[in-house]
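Peer 1: So here's upload.cif, just mmCIF, C-alpha atoms:
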data_target
#
loop_
_atom_site.group_PDB
_atom_site.id
_atom_site.type_symbol
_atom_site.label_atom_id
_atom_site.label_comp_id
_atom_site.auth_asym_id
_atom_site.auth_seq_id
_atom_site.Cartn_x
_atom_site.Cartn_y
_atom_site.Cartn_z
ATOM 1 C CA MET Q 1 137.564 173.248 84.367
ATOM 2 C CA LYS Q 2 136.455 172.658 80.800
ATOM 3 C CA LYS Q 3 132.894 173.457 79.828
ATOM 4 C CA ARG Q 4 132.388 169.859 78.684
ATOM 5 C CA ASP Q 5 133.548 168.535 82.091
ATOM 6 C CA LEU Q 6 131.008 170.782 83.810
ATOM 7 C CA TRP Q 7 128.202 169.447 81.580
ATOM 8 C CA ILE Q 8 129.210 165.842 82.313
ATOM 9 C CA ILE Q 9 129.066 166.595 86.056
ATOM 10 C CA ILE Q 10 125.658 168.266 85.721
ATOM 11 C CA GLY Q 11 124.521 165.211 83.719
ATOM 12 C CA ILE Q 12 125.636 162.826 86.480
ATOM 13 C CA VAL Q 13 123.880 164.876 89.175
ATOM 14 C CA VAL Q 14 120.622 165.021 87.188
ATOM 15 C CA PHE Q 15 120.840 161.276 86.421
ATOM 16 C CA GLY Q 16 121.462 160.498 90.116
ATOM 17 C CA LEU Q 17 118.571 162.676 91.307
ATOM 18 C CA VAL Q 18 116.197 161.217 88.704
ATOM 19 C CA ILE Q 19 116.959 157.599 89.602
ATOM 20 C CA SER Q 20 116.770 158.324 93.346
ATOM 21 C CA TYR Q 21 113.381 159.968 92.771
ATOM 22 C CA PHE Q 22 112.069 157.027 90.740
ATOM 23 C CA SER Q 23 113.476 154.365 93.039
ATOM 24 C CA LYS Q 24 111.593 156.104 95.863
ATOM 25 C CA GLN Q 25 108.370 156.324 93.818
ATOM 26 C CA MET Q 26 108.334 152.705 92.722
ATOM 27 C CA THR Q 27 108.416 151.195 96.203
ATOM 28 C CA ASP Q 28 105.426 150.263 98.347
ATOM 29 C CA THR Q 29 104.931 150.667 102.052
ATOM 30 C CA GLY Q 30 106.055 147.445 103.713
ATOM 31 C CA LYS Q 31 104.269 145.143 106.118
ATOM 32 C CA GLU Q 32 107.087 143.453 107.975
ATOM 33 C CA VAL Q 33 110.630 143.987 109.134
ATOM 34 C CA ARG Q 34 113.305 141.327 108.805
ATOM 35 C CA ILE Q 35 116.350 141.473 111.050
ATOM 36 C CA THR Q 36 119.415 139.585 109.847
ATOM 37 C CA ILE Q 37 122.506 139.058 111.963
ATOM 38 C CA ASP Q 38 125.638 137.672 110.287
ATOM 39 C CA ASN Q 39 123.625 136.476 107.253
ATOM 40 C CA GLU Q 40 121.098 134.559 109.341
ATOM 41 C CA VAL Q 41 117.525 135.714 109.844
ATOM 42 C CA ALA Q 42 117.239 136.580 113.529
ATOM 43 C CA ASP Q 43 113.718 137.957 113.680
ATOM 44 C CA VAL Q 44 110.696 139.085 111.670
ATOM 45 C CA LEU Q 45 108.496 141.789 113.193
ATOM 46 C CA ASP Q 46 105.195 143.366 112.248
ATOM 47 C CA LEU Q 47 105.567 146.950 111.055
ATOM 48 C CA ASP Q 48 102.109 147.892 112.356
ATOM 49 C CA LYS Q 49 102.807 147.086 116.006
ATOM 50 C CA ASP Q 50 104.891 149.557 117.978
ATOM 51 C CA THR Q 51 107.731 147.737 119.725
ATOM 52 C CA THR Q 52 111.212 148.217 121.109
ATOM 53 C CA LYS Q 53 113.655 145.342 120.980
ATOM 54 C CA THR Q 54 117.362 144.933 121.651
ATOM 55 C CA TYR Q 55 119.441 142.532 119.561
ATOM 56 C CA GLN Q 56 122.622 140.950 120.816
ATOM 57 C CA THR Q 57 125.184 140.250 118.104
ATOM 58 C CA ALA Q 58 128.641 138.722 118.439
ATOM 59 C CA GLU Q 59 130.061 142.234 118.120
ATOM 60 C CA GLY Q 60 127.602 144.286 120.204
ATOM 61 C CA GLU Q 61 124.054 145.452 120.788
ATOM 62 C CA ASN Q 62 121.513 147.298 118.647
ATOM 63 C CA THR Q 63 118.185 148.614 119.888
ATOM 64 C CA LEU Q 64 115.435 148.700 117.293
ATOM 65 C CA VAL Q 65 112.221 150.692 117.572
ATOM 66 C CA ILE Q 66 109.054 150.323 115.509
ATOM 67 C CA LYS Q 67 106.795 153.332 115.793
ATOM 68 C CA ASP Q 68 103.965 154.620 113.565
ATOM 69 C CA GLY Q 69 104.755 152.081 110.846
ATOM 70 C CA GLU Q 70 108.420 153.091 110.668
ATOM 71 C CA VAL Q 71 111.460 151.247 111.920
ATOM 72 C CA SER Q 72 114.700 152.775 113.153
ATOM 73 C CA ILE Q 73 117.702 151.852 115.258
ATOM 74 C CA THR Q 74 117.876 154.124 118.268
ATOM 75 C CA GLU Q 75 120.900 152.777 120.059
ATOM 76 C CA ALA Q 76 124.031 150.849 119.137
ATOM 77 C CA ASP Q 77 127.283 150.328 120.992
ATOM 78 C CA CYS Q 78 129.358 150.586 117.837
ATOM 79 C CA LYS Q 79 131.863 153.281 117.045
ATOM 80 C CA ASN Q 80 130.461 154.852 113.906
ATOM 81 C CA GLN Q 81 126.742 155.144 114.870
ATOM 82 C CA ILE Q 82 125.806 155.086 111.191
ATOM 83 C CA CYS Q 83 122.768 152.846 111.760
ATOM 84 C CA VAL Q 84 121.522 155.183 114.525
ATOM 85 C CA ASN Q 85 121.874 158.191 112.228
ATOM 86 C CA THR Q 86 120.063 156.462 109.370
ATOM 87 C CA GLN Q 87 116.525 157.778 108.931
ATOM 88 C CA ALA Q 88 113.527 155.646 109.936
ATOM 89 C CA ILE Q 89 112.432 153.370 107.075
ATOM 90 C CA SER Q 90 109.028 152.062 105.980
ATOM 91 C CA GLU Q 91 109.173 151.263 102.242
ATOM 92 C CA VAL Q 92 109.769 147.774 100.836
ATOM 93 C CA GLY Q 93 113.433 147.235 100.069
ATOM 94 C CA GLU Q 94 114.705 149.990 102.343
ATOM 95 C CA THR Q 95 117.463 148.915 104.690
ATOM 96 C CA ILE Q 96 119.357 150.006 107.747
ATOM 97 C CA ALA Q 97 122.740 148.363 108.054
ATOM 98 C CA CYS Q 98 125.060 148.172 111.025
ATOM 99 C CA LEU Q 99 128.204 147.053 109.279
ATOM 100 C CA PRO Q 100 130.412 146.574 112.370
ATOM 101 C CA HIS Q 101 127.823 144.227 113.938
ATOM 102 C CA LYS Q 102 126.805 142.612 110.619
ATOM 103 C CA LEU Q 103 123.218 143.452 111.476
ATOM 104 C CA LEU Q 104 120.755 144.300 108.749
ATOM 105 C CA VAL Q 105 117.210 145.602 109.060
ATOM 106 C CA GLU Q 106 115.057 145.280 105.934
ATOM 107 C CA VAL Q 107 111.468 146.214 105.228
ATOM 108 C CA ILE Q 108 109.742 143.371 103.380
ATOM 109 C CA LYS Q 109 106.303 142.851 101.876
ATOM 110 C CA GLU Q 110 104.979 140.003 103.997
ATOM 111 C CA MET C 111 171.523 164.012 91.394
ATOM 112 C CA SER C 112 172.544 160.429 92.148
ATOM 113 C CA ALA C 113 170.057 157.556 91.948
ATOM 114 C CA GLY C 114 170.161 156.964 95.707
ATOM 115 C CA ASN C 115 169.412 160.609 96.348
ATOM 116 C CA SER C 116 166.281 160.607 94.188
ATOM 117 C CA ARG C 117 165.005 157.459 95.918
ATOM 118 C CA ILE C 118 165.375 159.172 99.262
ATOM 119 C CA ARG C 119 163.536 162.218 97.903
ATOM 120 C CA LEU C 120 160.677 160.012 96.701
ATOM 121 C CA ILE C 121 160.420 158.213 100.052
ATOM 122 C CA ALA C 122 160.416 161.546 101.912
ATOM 123 C CA ARG C 123 157.693 162.956 99.640
ATOM 124 C CA LEU C 124 155.540 159.851 99.999
ATOM 125 C CA ALA C 125 155.943 160.070 103.789
ATOM 126 C CA VAL C 126 154.887 163.739 103.834
ATOM 127 C CA LEU C 127 151.875 163.058 101.601
ATOM 128 C CA THR C 128 150.822 160.001 103.620
ATOM 129 C CA ALA C 129 151.063 162.104 106.786
ATOM 130 C CA ALA C 130 148.911 164.790 105.113
ATOM 131 C CA ALA C 131 146.319 162.161 104.117
ATOM 132 C CA LEU C 132 146.256 160.829 107.691
ATOM 133 C CA VAL C 133 145.755 164.291 109.185
ATOM 134 C CA LEU C 134 142.913 164.887 106.714
ATOM 135 C CA SER C 135 141.278 161.559 107.715
ATOM 136 C CA TRP C 136 141.581 162.587 111.341
ATOM 137 C CA LEU C 137 140.119 166.075 110.764
ATOM 138 C CA GLU C 138 137.243 164.518 108.856
ATOM 139 C CA SER C 139 136.259 162.457 111.872
ATOM 140 C CA PHE C 140 135.303 165.705 113.685
ATOM 141 C CA ILE C 141 132.867 166.856 111.044
ATOM 142 C CA PRO C 142 129.330 165.815 111.884
ATOM 143 C CA MET C 143 127.454 164.307 108.951
ATOM 144 C CA PRO C 144 123.792 165.116 109.442
ATOM 145 C CA PHE C 145 122.722 163.344 106.249
ATOM 146 C CA PRO C 146 120.327 160.409 106.535
ATOM 147 C CA VAL C 147 122.595 158.436 104.216
ATOM 148 C CA PRO C 148 124.875 155.884 105.860
ATOM 149 C CA GLY C 149 128.596 156.389 105.707
ATOM 150 C CA VAL C 150 128.720 159.609 103.722
ATOM 151 C CA LYS C 151 131.985 161.430 104.347
ATOM 152 C CA PRO C 152 133.600 164.396 102.626
ATOM 153 C CA GLY C 153 136.668 162.308 101.710
ATOM 154 C CA PHE C 154 139.291 164.955 102.478
ATOM 155 C CA ALA C 155 142.015 162.290 102.470
ATOM 156 C CA ASN C 156 141.408 161.933 98.744
ATOM 157 C CA ILE C 157 142.835 165.441 98.298
ATOM 158 C CA ALA C 158 146.249 164.052 99.257
ATOM 159 C CA VAL C 159 145.750 161.008 97.015
ATOM 160 C CA ILE C 160 144.713 163.076 93.972
ATOM 161 C CA PHE C 161 147.554 165.515 94.633
ATOM 162 C CA THR C 162 149.980 162.567 94.622
ATOM 163 C CA LEU C 163 148.405 161.121 91.467
ATOM 164 C CA TYR C 164 148.921 164.358 89.537
ATOM 165 C CA THR C 165 152.337 165.350 90.898
ATOM 166 C CA LEU C 166 154.160 162.030 91.445
ATOM 167 C CA GLY C 167 152.129 159.500 89.428
ATOM 168 C CA SER C 168 149.948 156.413 89.740
ATOM 169 C CA VAL C 169 152.158 154.093 91.807
ATOM 170 C CA PRO C 170 153.000 156.745 94.443
ATOM 171 C CA ALA C 171 149.255 157.555 94.663
ATOM 172 C CA LEU C 172 148.532 153.867 95.280
ATOM 173 C CA VAL C 173 151.179 153.782 98.026
ATOM 174 C CA VAL C 174 149.777 156.907 99.748
ATOM 175 C CA SER C 175 146.201 155.615 99.475
ATOM 176 C CA LEU C 176 146.994 152.142 100.876
ATOM 177 C CA MET C 177 149.161 153.504 103.689
ATOM 178 C CA ARG C 178 146.457 156.021 104.588
ATOM 179 C CA VAL C 179 143.731 153.363 104.739
ATOM 180 C CA LEU C 180 145.811 150.954 106.826
ATOM 181 C CA LEU C 181 147.243 153.544 109.238
ATOM 182 C CA ALA C 182 143.956 155.430 109.689
ATOM 183 C CA GLY C 183 142.192 152.089 110.138
ATOM 184 C CA PHE C 184 144.573 150.934 112.849
ATOM 185 C CA MET C 185 144.442 154.302 114.622
ATOM 186 C CA PHE C 186 140.777 155.348 114.419
ATOM 187 C CA GLY C 187 138.909 152.399 112.911
ATOM 188 C CA THR C 188 138.136 148.726 113.254
ATOM 189 C CA MET C 189 138.905 145.669 111.100
ATOM 190 C CA SER C 190 135.580 146.022 109.292
ATOM 191 C CA SER C 191 136.091 149.735 108.656
ATOM 192 C CA ILE C 192 139.485 148.948 107.078
ATOM 193 C CA LEU C 193 137.795 146.477 104.733
ATOM 194 C CA TYR C 194 135.232 149.047 103.577
ATOM 195 C CA SER C 195 137.778 151.850 103.258
ATOM 196 C CA LEU C 196 140.037 149.573 101.249
ATOM 197 C CA ALA C 197 137.248 148.579 98.863
ATOM 198 C CA GLY C 198 136.271 152.219 98.329
ATOM 199 C CA ALA C 199 139.788 153.620 98.106
ATOM 200 C CA LEU C 200 141.078 150.980 95.674
ATOM 201 C CA LEU C 201 138.115 151.088 93.286
ATOM 202 C CA SER C 202 138.130 154.886 93.365
ATOM 203 C CA LEU C 203 141.871 155.188 92.697
ATOM 204 C CA CYS C 204 141.822 152.541 89.929
ATOM 205 C CA MET C 205 139.031 154.427 88.167
ATOM 206 C CA MET C 206 140.857 157.733 88.561
ATOM 207 C CA ILE C 207 144.118 156.270 87.189
ATOM 208 C CA VAL C 208 142.266 154.839 84.171
ATOM 209 C CA LEU C 209 140.412 158.108 83.502
ATOM 210 C CA LYS C 210 143.552 160.212 83.912
ATOM 211 C CA HIS C 211 145.523 158.094 81.454
ATOM 212 C CA PHE C 212 142.925 157.244 78.834
ATOM 213 C CA THR C 213 140.718 160.344 78.691
ATOM 214 C CA ASP C 214 141.334 164.091 78.627
ATOM 215 C CA PHE C 215 139.036 164.655 81.630
ATOM 216 C CA GLY C 216 140.115 167.498 83.924
ATOM 217 C CA ILE C 217 141.088 167.018 87.583
ATOM 218 C CA VAL C 218 137.643 167.955 88.909
ATOM 219 C CA LEU C 219 135.849 165.470 86.653
ATOM 220 C CA VAL C 220 138.344 162.695 87.441
ATOM 221 C CA SER C 221 137.847 163.430 91.147
ATOM 222 C CA THR C 222 134.054 163.369 90.699
ATOM 223 C CA PHE C 223 134.280 159.836 89.321
ATOM 224 C CA GLY C 224 136.696 159.053 92.163
ATOM 225 C CA GLY C 225 134.078 160.171 94.707
ATOM 226 C CA ILE C 226 131.324 158.166 93.012
ATOM 227 C CA PHE C 227 133.396 154.979 92.799
ATOM 228 C CA HIS C 228 134.602 155.386 96.386
ATOM 229 C CA ASN C 229 130.977 155.112 97.484
ATOM 230 C CA MET C 230 130.221 152.341 94.990
ATOM 231 C CA GLY C 231 133.211 150.286 96.187
ATOM 232 C CA GLN C 232 132.017 150.518 99.773
ATOM 233 C CA LEU C 233 128.449 149.710 98.770
ATOM 234 C CA ILE C 234 129.528 146.654 96.758
ATOM 235 C CA CYS C 235 131.616 145.559 99.744
ATOM 236 C CA ALA C 236 128.571 145.962 102.043
ATOM 237 C CA CYS C 237 126.419 143.954 99.594
ATOM 238 C CA LEU C 238 128.998 141.148 99.638
ATOM 239 C CA VAL C 239 129.547 141.103 103.416
ATOM 240 C CA LEU C 240 125.831 141.205 104.228
ATOM 241 C CA GLN C 241 124.946 139.105 101.142
ATOM 242 C CA THR C 242 122.148 141.524 100.341
ATOM 243 C CA PRO C 243 122.163 142.885 96.799
ATOM 244 C CA ALA C 244 119.052 144.929 97.704
ATOM 245 C CA LEU C 245 121.370 147.382 99.488
ATOM 246 C CA PHE C 246 122.613 148.416 96.080
ATOM 247 C CA TYR C 247 119.179 149.486 94.860
ATOM 248 C CA SER C 248 118.131 151.172 98.080
ATOM 249 C CA TRP C 249 121.297 153.205 98.665
ATOM 250 C CA GLY C 250 123.007 153.300 95.257
ATOM 251 C CA PRO C 251 121.228 156.337 93.783
ATOM 252 C CA LEU C 252 121.690 158.535 96.872
ATOM 253 C CA LEU C 253 125.320 157.496 97.319
ATOM 254 C CA LEU C 254 125.873 158.352 93.655
ATOM 255 C CA VAL C 255 124.582 161.887 94.240
ATOM 256 C CA PHE C 256 126.595 162.407 97.431
ATOM 257 C CA GLY C 257 129.714 160.911 95.849
ATOM 258 C CA THR C 258 129.380 163.395 93.005
ATOM 259 C CA PHE C 259 129.208 166.401 95.334
ATOM 260 C CA THR C 260 132.064 165.316 97.609
ATOM 261 C CA GLY C 261 134.080 164.432 94.491
ATOM 262 C CA ILE C 262 133.569 167.908 93.027
ATOM 263 C CA PHE C 263 134.648 169.553 96.290
ATOM 264 C CA VAL C 264 137.705 167.320 96.675
ATOM 265 C CA GLY C 265 138.543 167.904 93.008
ATOM 266 C CA LEU C 266 138.412 171.704 93.322
ATOM 267 C CA ALA C 267 140.596 171.611 96.451
ATOM 268 C CA SER C 268 143.070 169.255 94.742
ATOM 269 C CA GLN C 269 143.215 171.360 91.601
ATOM 270 C CA PHE C 270 144.024 174.462 93.651
ATOM 271 C CA LEU C 271 146.755 172.622 95.598
ATOM 272 C CA ILE C 272 148.281 170.995 92.517
ATOM 273 C CA ARG C 273 148.630 174.428 90.896
ATOM 274 C CA ARG C 274 150.002 176.215 93.965
ATOM 275 C CA VAL C 275 151.990 173.549 95.810
ATOM 276 C CA GLY C 276 152.698 171.065 93.003
ATOM 277 C CA PRO C 277 155.605 173.041 91.492
ATOM 278 C CA ILE C 278 157.383 173.199 94.871
ATOM 279 C CA LEU C 279 157.224 169.408 95.176
ATOM 280 C CA ARG C 280 158.740 168.927 91.721
ATOM 281 C CA LEU C 281 161.879 170.973 92.609
#
Output the file's structure as structure tokens, nothing else.

Peer 2:
Amino acid sequence: MKKRDLWIIIGIVVFGLVISYFSKQMTDTGKEVRITIDNEVADVLDLDKDTTKTYQTAEGENTLVIKDGEVSITEADCKNQICVNTQAISEVGETIACLPHKLLVEVIKE
Amino acid sequence: MSAGNSRIRLIARLAVLTAAALVLSWLESFIPMPFPVPGVKPGFANIAVIFTLYTLGSVPALVVSLMRVLLAGFMFGTMSSILYSLAGALLSLCMMIVLKHFTDFGIVLVSTFGGIFHNMGQLICACLVLQTPALFYSWGPLLLVFGTFTGIFVGLASQFLIRRVGPILRL
């Protein structure tokens, strides 16, 4: 590998880390959670109240848990389990997506 | 060598490389990904695609990549996973072909951009399907970082293979 190529790669990594750091810093803790199924708003929940709710989509089920001001998906009957493995979210603009079920969980301001 | 003979050779090579890409996709499905980032994968199948790009050329690489996505999708995936793989694989390969032809970037750097654009293609596809551009801001930076690292790894593996195995394929 050329020295220049290595520097470009280091540049990309630093750039990526810097913007991920700042995008994390600039967000605020959210108040509500919006659940969208197939591009239609299915539910809006309060982030302060601990709840567990199961959503039925055309493709399958997702169980959502709100605990200590954070929301996560704990169960899904999809194949890839990506939404289940996604960390709990609490900042405005953060999302958990279940692509096979077209289900989207977003933290919003109000 | 007659023209018919070389066509048969090309078809046989593409078949071997597609099979290699498929096996790599399959192996990848056993590796647990403990990262809190959705959909991050090492992208081993790209080793076969990059190998094809540098030994046989752009069109053969496109054939291997498309065949890999479709066959792996039908065997281990779903319709929606094929859509996302296709978006990632096509954007990534197009970028790599452009960079290989129009810049003097080395294999590892080309592969790094391939890894980044694989993730970006999938993310753009997710934004379109879910009609939520916010996904791009919330996951873009992290996917950029992970794409860079997987791209470097895939690039180093490809570079090694192209040097060691490439000459045999050209015989």

Peer 1: What's around range 36-46 of chain Q at 8 Å? Count only C-alpha atoms, leave out sequence neighbours fewer than 2 positions away in its own chain, and write the answer as a PyMOL selection string.

Peer 2: (chain Q and resi 31-34+48-49+57+101-105) or (chain C and resi 240-241)

Peer 1: So that I have them on file, write out the residues from the current selection with C-alpha atoms, as a PDB file, keeping the file's coordinate frame.

Peer 2:
ATOM      1  CA  LYS Q  31     104.269 145.143 106.118  1.00  0.00           C
ATOM      2  CA  GLU Q  32     107.087 143.453 107.975  1.00  0.00           C
ATOM      3  CA  VAL Q  33     110.630 143.987 109.134  1.00  0.00           C
ATOM      4  CA  ARG Q  34     113.305 141.327 108.805  1.00  0.00           C
ATOM      5  CA  ASP Q  48     102.109 147.892 112.356  1.00  0.00           C
ATOM      6  CA  LYS Q  49     102.807 147.086 116.006  1.00  0.00           C
ATOM      7  CA  THR Q  57     125.184 140.250 118.104  1.00  0.00           C
ATOM      8  CA  HIS Q 101     127.823 144.227 113.938  1.00  0.00           C
ATOM      9  CA  LYS Q 102     126.805 142.612 110.619  1.00  0.00           C
ATOM     10  CA  LEU Q 103     123.218 143.452 111.476  1.00  0.00           C
ATOM     11  CA  LEU Q 104     120.755 144.300 108.749  1.00  0.00           C
ATOM     12  CA  VAL Q 105     117.210 145.602 109.060  1.00  0.00           C
TER      13      VAL Q 105
ATOM     14  CA  LEU C 240     125.831 141.205 104.228  1.00  0.00           C
ATOM     15  CA  GLN C 241     124.946 139.105 101.142  1.00  0.00           C
TER      16      GLN C 241
END

Peer 1: Where does the PyMOL selection byres ((chain C and resi 224) around 7) land in this file, that is, which residues does it pick, as a VMD selection string?

Peer 2: chain C and resid 202 to 203 205 to 206 220 to 223 225 to 228 261

Peer 1: Quick one: which chain Q residues come within 8 Å of chain C, and what is the nearest atom pair for each with the distance in Å to one decimal, counting all atoms listed in the file, rows ordered by chain and ascending number, as JSON lines?

Peer 2:
{"residue": "Q:Met1", "atom": "CA", "partner": "C:Gly216", "partner_atom": "CA", "distance": 6.3}
{"residue": "Q:Lys2", "atom": "CA", "partner": "C:Gly216", "partner_atom": "CA", "distance": 7.1}
{"residue": "Q:Asp5", "atom": "CA", "partner": "C:Leu219", "partner_atom": "CA", "distance": 6.0}
{"residue": "Q:Leu6", "atom": "CA", "partner": "C:Leu219", "partner_atom": "CA", "distance": 7.7}
{"residue": "Q:Ile8", "atom": "CA", "partner": "C:Leu219", "partner_atom": "CA", "distance": 7.9}
{"residue": "Q:Ile9", "atom": "CA", "partner": "C:Leu219", "partner_atom": "CA", "distance": 6.9}
{"residue": "Q:Ile12", "atom": "CA", "partner": "C:Thr258", "partner_atom": "CA", "distance": 7.5}
{"residue": "Q:Val13", "atom": "CA", "partner": "C:Val255", "partner_atom": "CA", "distance": 5.9}
{"residue": "Q:Gly16", "atom": "CA", "partner": "C:Val255", "partner_atom": "CA", "distance": 5.4}
{"residue": "Q:Leu17", "atom": "CA", "partner": "C:Val255", "partner_atom": "CA", "distance": 6.7}
{"residue": "Q:Ile19", "atom": "CA", "partner": "C:Pro251", "partner_atom": "CA", "distance": 6.1}
{"residue": "Q:Ser20", "atom": "CA", "partner": "C:Pro251", "partner_atom": "CA", "distance": 4.9}
{"residue": "Q:Ser23", "atom": "CA", "partner": "C:Ser248", "partner_atom": "CA", "distance": 7.6}
{"residue": "Q:Asp38", "atom": "CA", "partner": "C:Leu240", "partner_atom": "CA", "distance": 7.0}
{"residue": "Q:Asn39", "atom": "CA", "partner": "C:Leu240", "partner_atom": "CA", "distance": 6.0}
{"residue": "Q:Ile82", "atom": "CA", "partner": "C:Pro148", "partner_atom": "CA", "distance": 5.5}
{"residue": "Q:Cys83", "atom": "CA", "partner": "C:Pro148", "partner_atom": "CA", "distance": 7.0}
{"residue": "Q:Asn85", "atom": "CA", "partner": "C:Pro146", "partner_atom": "CA", "distance": 6.3}
{"residue": "Q:Thr86", "atom": "CA", "partner": "C:Pro146", "partner_atom": "CA", "distance": 4.9}
{"residue": "Q:Gln87", "atom": "CA", "partner": "C:Pro146", "partner_atom": "CA", "distance": 5.2}
{"residue": "Q:Gly93", "atom": "CA", "partner": "C:Ser248", "partner_atom": "CA", "distance": 6.4}
{"residue": "Q:Glu94", "atom": "CA", "partner": "C:Ser248", "partner_atom": "CA", "distance": 5.6}
{"residue": "Q:Thr95", "atom": "CA", "partner": "C:Leu245", "partner_atom": "CA", "distance": 6.7}
{"residue": "Q:Leu99", "atom": "CA", "partner": "C:Ala236", "partner_atom": "CA", "distance": 7.3}
{"residue": "Q:Pro100", "atom": "CA", "partner": "C:Ser190", "partner_atom": "CA", "distance": 6.0}
{"residue": "Q:Lys102", "atom": "CA", "partner": "C:Leu240", "partner_atom": "CA", "distance": 6.6}
{"residue": "Q:Leu104", "atom": "CA", "partner": "C:Leu240", "partner_atom": "CA", "distance": 7.5}

Peer 1: Write to file, as a PDB file, in the coordinates of the input, the residues of the selection just made, with C-alpha atoms.

Peer 2:
ATOM      1  CA  MET Q   1     137.564 173.248  84.367  1.00  0.00           C
ATOM      2  CA  LYS Q   2     136.455 172.658  80.800  1.00  0.00           C
ATOM      3  CA  ASP Q   5     133.548 168.535  82.091  1.00  0.00           C
ATOM      4  CA  LEU Q   6     131.008 170.782  83.810  1.00  0.00           C
ATOM      5  CA  ILE Q   8     129.210 165.842  82.313  1.00  0.00           C
ATOM      6  CA  ILE Q   9     129.066 166.595  86.056  1.00  0.00           C
ATOM      7  CA  ILE Q  12     125.636 162.826  86.480  1.00  0.00           C
ATOM      8  CA  VAL Q  13     123.880 164.876  89.175  1.00  0.00           C
ATOM      9  CA  GLY Q  16     121.462 160.498  90.116  1.00  0.00           C
ATOM     10  CA  LEU Q  17     118.571 162.676  91.307  1.00  0.00           C
ATOM     11  CA  ILE Q  19     116.959 157.599  89.602  1.00  0.00           C
ATOM     12  CA  SER Q  20     116.770 158.324  93.346  1.00  0.00           C
ATOM     13  CA  SER Q  23     113.476 154.365  93.039  1.00  0.00           C
ATOM     14  CA  ASP Q  38     125.638 137.672 110.287  1.00  0.00           C
ATOM     15  CA  ASN Q  39     123.625 136.476 107.253  1.00  0.00           C
ATOM     16  CA  ILE Q  82     125.806 155.086 111.191  1.00  0.00           C
ATOM     17  CA  CYS Q  83     122.768 152.846 111.760  1.00  0.00           C
ATOM     18  CA  ASN Q  85     121.874 158.191 112.228  1.00  0.00           C
ATOM     19  CA  THR Q  86     120.063 156.462 109.370  1.00  0.00           C
ATOM     20  CA  GLN Q  87     116.525 157.778 108.931  1.00  0.00           C
ATOM     21  CA  GLY Q  93     113.433 147.235 100.069  1.00  0.00           C
ATOM     22  CA  GLU Q  94     114.705 149.990 102.343  1.00  0.00           C
ATOM     23  CA  THR Q  95     117.463 148.915 104.690  1.00  0.00           C
ATOM     24  CA  LEU Q  99     128.204 147.053 109.279  1.00  0.00           C
ATOM     25  CA  PRO Q 100     130.412 146.574 112.370  1.00  0.00           C
ATOM     26  CA  LYS Q 102     126.805 142.612 110.619  1.00  0.00           C
ATOM     27  CA  LEU Q 104     120.755 144.300 108.749  1.00  0.00           C
TER      28      LEU Q 104
END

Peer 1: Which residues, named as in the file, does the PyMOL selection byres ((chain C and resi 132) around 9) pick out? Answer as a ChimeraX atom specification.

Peer 2: /C:127-131,133-137,155,177-179,181-182

Peer 1: Which of these, Q:Met26, Q:Val92, Q:Ala97, Q:Ile35, has the shortest distance to Lys109 in chain Q once you count all atoms listed in the file?

Peer 2: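 Selected residue with least distance to Lys109 in chain Q: Q:Val92.
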
Peer 1: Enter the distance from CA of Leu64 in chain Q to CA of Lys151 in chain C, in Å, rounded to one decimal.

Peer 2: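 So the two atoms, CA of Leu64 in chain Q and CA of Lys151 in chain C, lie 24.6 Å apart.
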
Peer 1: So the first atom is CA of Ile89 in chain Q and the second is CA of Thr74 in chain Q; what is the distance between them in Å, to one decimal place?

Peer 2: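 So the two atoms, CA of Ile89 in chain Q and CA of Thr74 in chain Q, lie 12.5 Å apart.
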
Peer 1: In Å, how far is it from CA of Val14 in chain Q to CA of Gly153 in chain C?

Peer 2: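 These two atoms are separated by 21.8 Å.
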
Peer 1: Quick one: residues within 8 Å of (106.0, 150.1, 118.1) (file frame), counting only C-alpha atoms, please, as a PyMOL selection string.

Peer 2: chain Q and resi 47-52+65-69

Peer 1: Expand the PyMOL selection byres ((chain Q and resi 76) around 9) into the individual residues it matches in the shown file, reporting them as a PyMOL selection string.

Peer 2: chain Q and resi 60-63+73-75+77-79+81+83-84+98
